[in-house]
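Asks: So that we are looking at the same thing, I have put the structure below in structure tokens.
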Amino acid sequence: MVPHLVTALTGPINELEQRILESMPAVERWFRLEWMEHTPPFYCSVDIRNAGFKLAPVDTNLYPGGWHNLTPEMLPLAVQAAMAAIEKICPEAKNLLVIPENTRNTFYLANIIQLQRIFRMAGLNVRIGSIDPAIKKPTTIELPQGDTVTLEPVVRTKRRLGLKNFDPCTILMNNDLTAGPPGILEDLHEQYLLPPLHAGWSVRRKSRHFQSYEEVAKRFGKMLGIDPWLVNPLFNKCGEVDFAKEEGMDCLRTNVDAVLTKVRKKYKEYGINEKPFTIVKADNGSYGMGIMTVRDVKELDQIQERTRQRMATTKGGQQVTEVIIQEGVLTAERIHDAVAEPVVYLMDRYVVGGFYRVHAERGIDENLNTPGASFVPLAFAESTRLPQPGQKPGASAPNRFYMYGVIGRLAMLAASYELEATDPDAEIYD
């Protein structure tokens, strides 16, 4: 299913699509050279917004859930990418241990089963090891679709982590460690931990990611001869906000105003007749928590108590003190009149699939990652026939999905820059 673009402002995005398609050999060579210098994150998912005049990532998740939303047609791509990734990291790998979030949520566990399926098909023995203190013995949970998943308590020896009678070469984290890494995961010098601990939200910051993305977008824009703004959301950050006590609000007002001013200038330059807005988000955290839309600085003077409470904490009750103020990117895509945004899934350096996050009750300038969202698979199976350069811009589904794949890979590259910058073991040169 291909959503229709409900916008007359298809000029800039069509020009962007044309430029990228015409420059495809140069684009692919550019990525190839980048991956020779930088290691991609093991896997990630990227939320993208298509405004019709701008196409940009708005979030990059390094512990992606939602793998069960990928269709069976996409699995061969994921299995091939998994094979390539494991071959690079641990070619002799036999056993893989997956560490999930500490939850019994059946939607989330369906995602874990899909990951298990992908890596089994890639030729590994895969078991699920829980770091939840409540899991004291192997626990089998039945899911509504008829699948079952068995969570087993992890066993820690001096330098290794495994299960009873199961010693993995590689440990795959699907737990974003918002509250910080537990001691049981530290100092595992003999095993590969993917992603590394510093990819967790106790270290990671969205502002740092988008700072890296800005650098990537500038280099990509220079290579293509385009304005990097067409693929890059502007942002500022505030490091000392307390919504509960209403502290740090001046910093927030100043930065919201600065971002809105820059966006207005860009809209004027491109003749875009839309009202700019910003998205204020917790700088660390996921699951669509701690997010609000601000269209005017005056709105910050009258934040409702309910919104204030929602912004004060994120996943696991973690207090929000740092926020990113991001240029809001409209979504001009619809499925059956419901607002939609593409989510692209990547493993190693490959696009392996994705879906549309669809929300009938949200507006074009609001966060869609909220209760009530549904998921429609992207037709990436179609796009593996590769882009069709002769097609009129905006008319071809494979071309649109190729574009999403390019943006997803730019965000993944930014994540690799970001992880290099925060790696505690990296050598520092003056």
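Chain labels follow the order of the structure tokens: the first chain is A, the next B, and so on; residue numbering restarts at 1 in every chain, and ligands are counted from 1 in their shown order.
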Mind listing the helix (DSSP H, G or I) residues of range 152-354 of chain A, per DSSP on the backbone, as a PyMOL selection string?

Replies: chain A and resi 183-185+197-199+206-224+228-231+249-270+297-302+305-312+315-317

Asks: Using only C-alpha atoms, which protein or nucleic acid residues come within 8 Å of range 132-138 of chain A? Drop anything in the same chain fewer than 5 positions from it, and give the result as a ChimeraX atom specification.

Replies: /A:102,150-153

Asks: Please produce an output containing N, CA, C and O atoms for each residue in the selection, written as a PDB file, in the first residue's frame.

Replies:
```
ATOM      1  N   ASN A 102      12.400  -5.495  30.140  1.00  0.00           N
ATOM      2  CA  ASN A 102      11.768  -6.208  31.264  1.00  0.00           C
ATOM      3  C   ASN A 102      10.260  -5.975  31.223  1.00  0.00           C
ATOM      4  O   ASN A 102       9.726  -5.147  31.952  1.00  0.00           O
ATOM      5  N   THR A 150      10.092 -18.089  25.333  1.00  0.00           N
ATOM      6  CA  THR A 150      10.620 -18.539  26.626  1.00  0.00           C
ATOM      7  C   THR A 150      11.708 -17.579  27.089  1.00  0.00           C
ATOM      8  O   THR A 150      12.720 -17.378  26.402  1.00  0.00           O
ATOM      9  N   LEU A 151      11.459 -16.946  28.240  1.00  0.00           N
ATOM     10  CA  LEU A 151      12.439 -16.050  28.869  1.00  0.00           C
ATOM     11  C   LEU A 151      13.208 -16.848  29.907  1.00  0.00           C
ATOM     12  O   LEU A 151      12.607 -17.504  30.759  1.00  0.00           O
ATOM     13  N   GLU A 152      14.549 -16.794  29.838  1.00  0.00           N
ATOM     14  CA  GLU A 152      15.375 -17.544  30.792  1.00  0.00           C
ATOM     15  C   GLU A 152      16.241 -16.583  31.592  1.00  0.00           C
ATOM     16  O   GLU A 152      16.724 -15.580  31.050  1.00  0.00           O
ATOM     17  N   PRO A 153      16.467 -16.866  32.884  1.00  0.00           N
ATOM     18  CA  PRO A 153      17.306 -15.967  33.685  1.00  0.00           C
ATOM     19  C   PRO A 153      18.760 -16.046  33.225  1.00  0.00           C
ATOM     20  O   PRO A 153      19.277 -17.137  32.976  1.00  0.00           O
TER      21      PRO A 153
END
```

Asks: Contacts of range 65-77 of chain A at 6 Å or less, counting only C-alpha atoms, minus same-chain residues fewer than 3 places along, as an MDAnalysis selection string?

Replies: chainID A and resid 80 110:111 114 352:353

Asks: Check the smallest atom-to-atom distance from each of A:Ile118, A:Met292, A:Asn255, A:Met311 to Ala78 in chain A using only C-alpha atoms, then report the winner.

Replies: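 Ranked by minimum distance to Ala78 in chain A, first place goes to A:Ile118.
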
Asks: Which polymer residues have any atom within 12 Å of an atom of range 210-218 of chain A, counting only C-alpha atoms, with same-chain residues fewer than 2 positions away left out, as number ranges by chain?

Replies: A: 30-31, 34, 55-60, 204-208, 220-237, 283, 324-327, 406-422

Asks: How about saving the chosen residues, C-alpha atoms kept, as an mmCIF file, in the first residue's frame?

Replies:
```cif
data_model
loop_
_atom_site.group_PDB
_atom_site.id
_atom_site.type_symbol
_atom_site.label_atom_id
_atom_site.label_comp_id
_atom_site.auth_asym_id
_atom_site.auth_seq_id
_atom_site.Cartn_x
_atom_site.Cartn_y
_atom_site.Cartn_z
ATOM 1 C CA TRP A 30 29.440 8.045 -1.055
ATOM 2 C CA PHE A 31 27.746 5.630 1.383
ATOM 3 C CA GLU A 34 31.555 6.285 4.555
ATOM 4 C CA LEU A 55 11.990 14.840 3.827
ATOM 5 C CA ALA A 56 13.771 14.357 7.142
ATOM 6 C CA PRO A 57 14.304 11.917 10.016
ATOM 7 C CA VAL A 58 12.743 12.951 13.320
ATOM 8 C CA ASP A 59 13.941 10.083 15.524
ATOM 9 C CA THR A 60 16.514 7.263 15.401
ATOM 10 C CA ARG A 204 22.764 8.863 24.604
ATOM 11 C CA ARG A 205 21.201 12.257 23.778
ATOM 12 C CA LYS A 206 18.954 13.084 20.839
ATOM 13 C CA SER A 207 20.631 16.486 20.487
ATOM 14 C CA ARG A 208 24.005 14.779 20.034
ATOM 15 C CA PHE A 220 25.593 14.857 1.663
ATOM 16 C CA GLY A 221 24.108 18.181 0.502
ATOM 17 C CA LYS A 222 27.496 19.396 -0.697
ATOM 18 C CA MET A 223 28.056 16.172 -2.644
ATOM 19 C CA LEU A 224 24.611 16.467 -4.313
ATOM 20 C CA GLY A 225 24.583 20.261 -4.660
ATOM 21 C CA ILE A 226 21.382 20.665 -2.583
ATOM 22 C CA ASP A 227 20.368 22.708 0.459
ATOM 23 C CA PRO A 228 20.936 20.321 3.423
ATOM 24 C CA TRP A 229 17.826 21.813 5.101
ATOM 25 C CA LEU A 230 15.686 19.759 2.688
ATOM 26 C CA VAL A 231 16.770 16.600 4.566
ATOM 27 C CA ASN A 232 17.682 18.040 7.985
ATOM 28 C CA PRO A 233 15.426 19.199 10.862
ATOM 29 C CA LEU A 234 16.872 22.263 12.634
ATOM 30 C CA PHE A 235 17.185 21.993 16.415
ATOM 31 C CA ASN A 236 18.378 23.595 19.651
ATOM 32 C CA LYS A 237 18.625 22.119 23.142
ATOM 33 C CA ASP A 283 16.645 14.649 25.138
ATOM 34 C CA ILE A 324 15.686 19.003 22.422
ATOM 35 C CA ILE A 325 13.688 21.633 20.546
ATOM 36 C CA GLN A 326 13.316 20.259 17.037
ATOM 37 C CA GLU A 327 11.944 21.870 13.898
ATOM 38 C CA VAL A 406 18.623 7.079 1.655
ATOM 39 C CA ILE A 407 17.312 9.206 4.548
ATOM 40 C CA GLY A 408 17.314 6.139 6.855
ATOM 41 C CA ARG A 409 20.947 5.434 5.952
ATOM 42 C CA LEU A 410 21.926 9.077 6.541
ATOM 43 C CA ALA A 411 20.432 8.776 10.058
ATOM 44 C CA MET A 412 22.225 5.454 10.599
ATOM 45 C CA LEU A 413 25.507 7.047 9.514
ATOM 46 C CA ALA A 414 24.869 9.909 11.957
ATOM 47 C CA ALA A 415 24.339 7.286 14.691
ATOM 48 C CA SER A 416 27.721 5.769 13.881
ATOM 49 C CA TYR A 417 29.368 9.225 14.201
ATOM 50 C CA GLU A 418 27.495 9.704 17.467
ATOM 51 C CA LEU A 419 28.594 6.334 18.935
ATOM 52 C CA GLU A 420 32.216 7.020 17.985
ATOM 53 C CA ALA A 421 32.044 10.357 19.825
ATOM 54 C CA THR A 422 30.625 8.787 23.005
#
```

Asks: If I take CA of Leu163 in chain A and CA of Leu143 in chain A, how far is one from the other in Å, to one decimal?

Replies: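 Those two atoms sit 22.9 Å apart.
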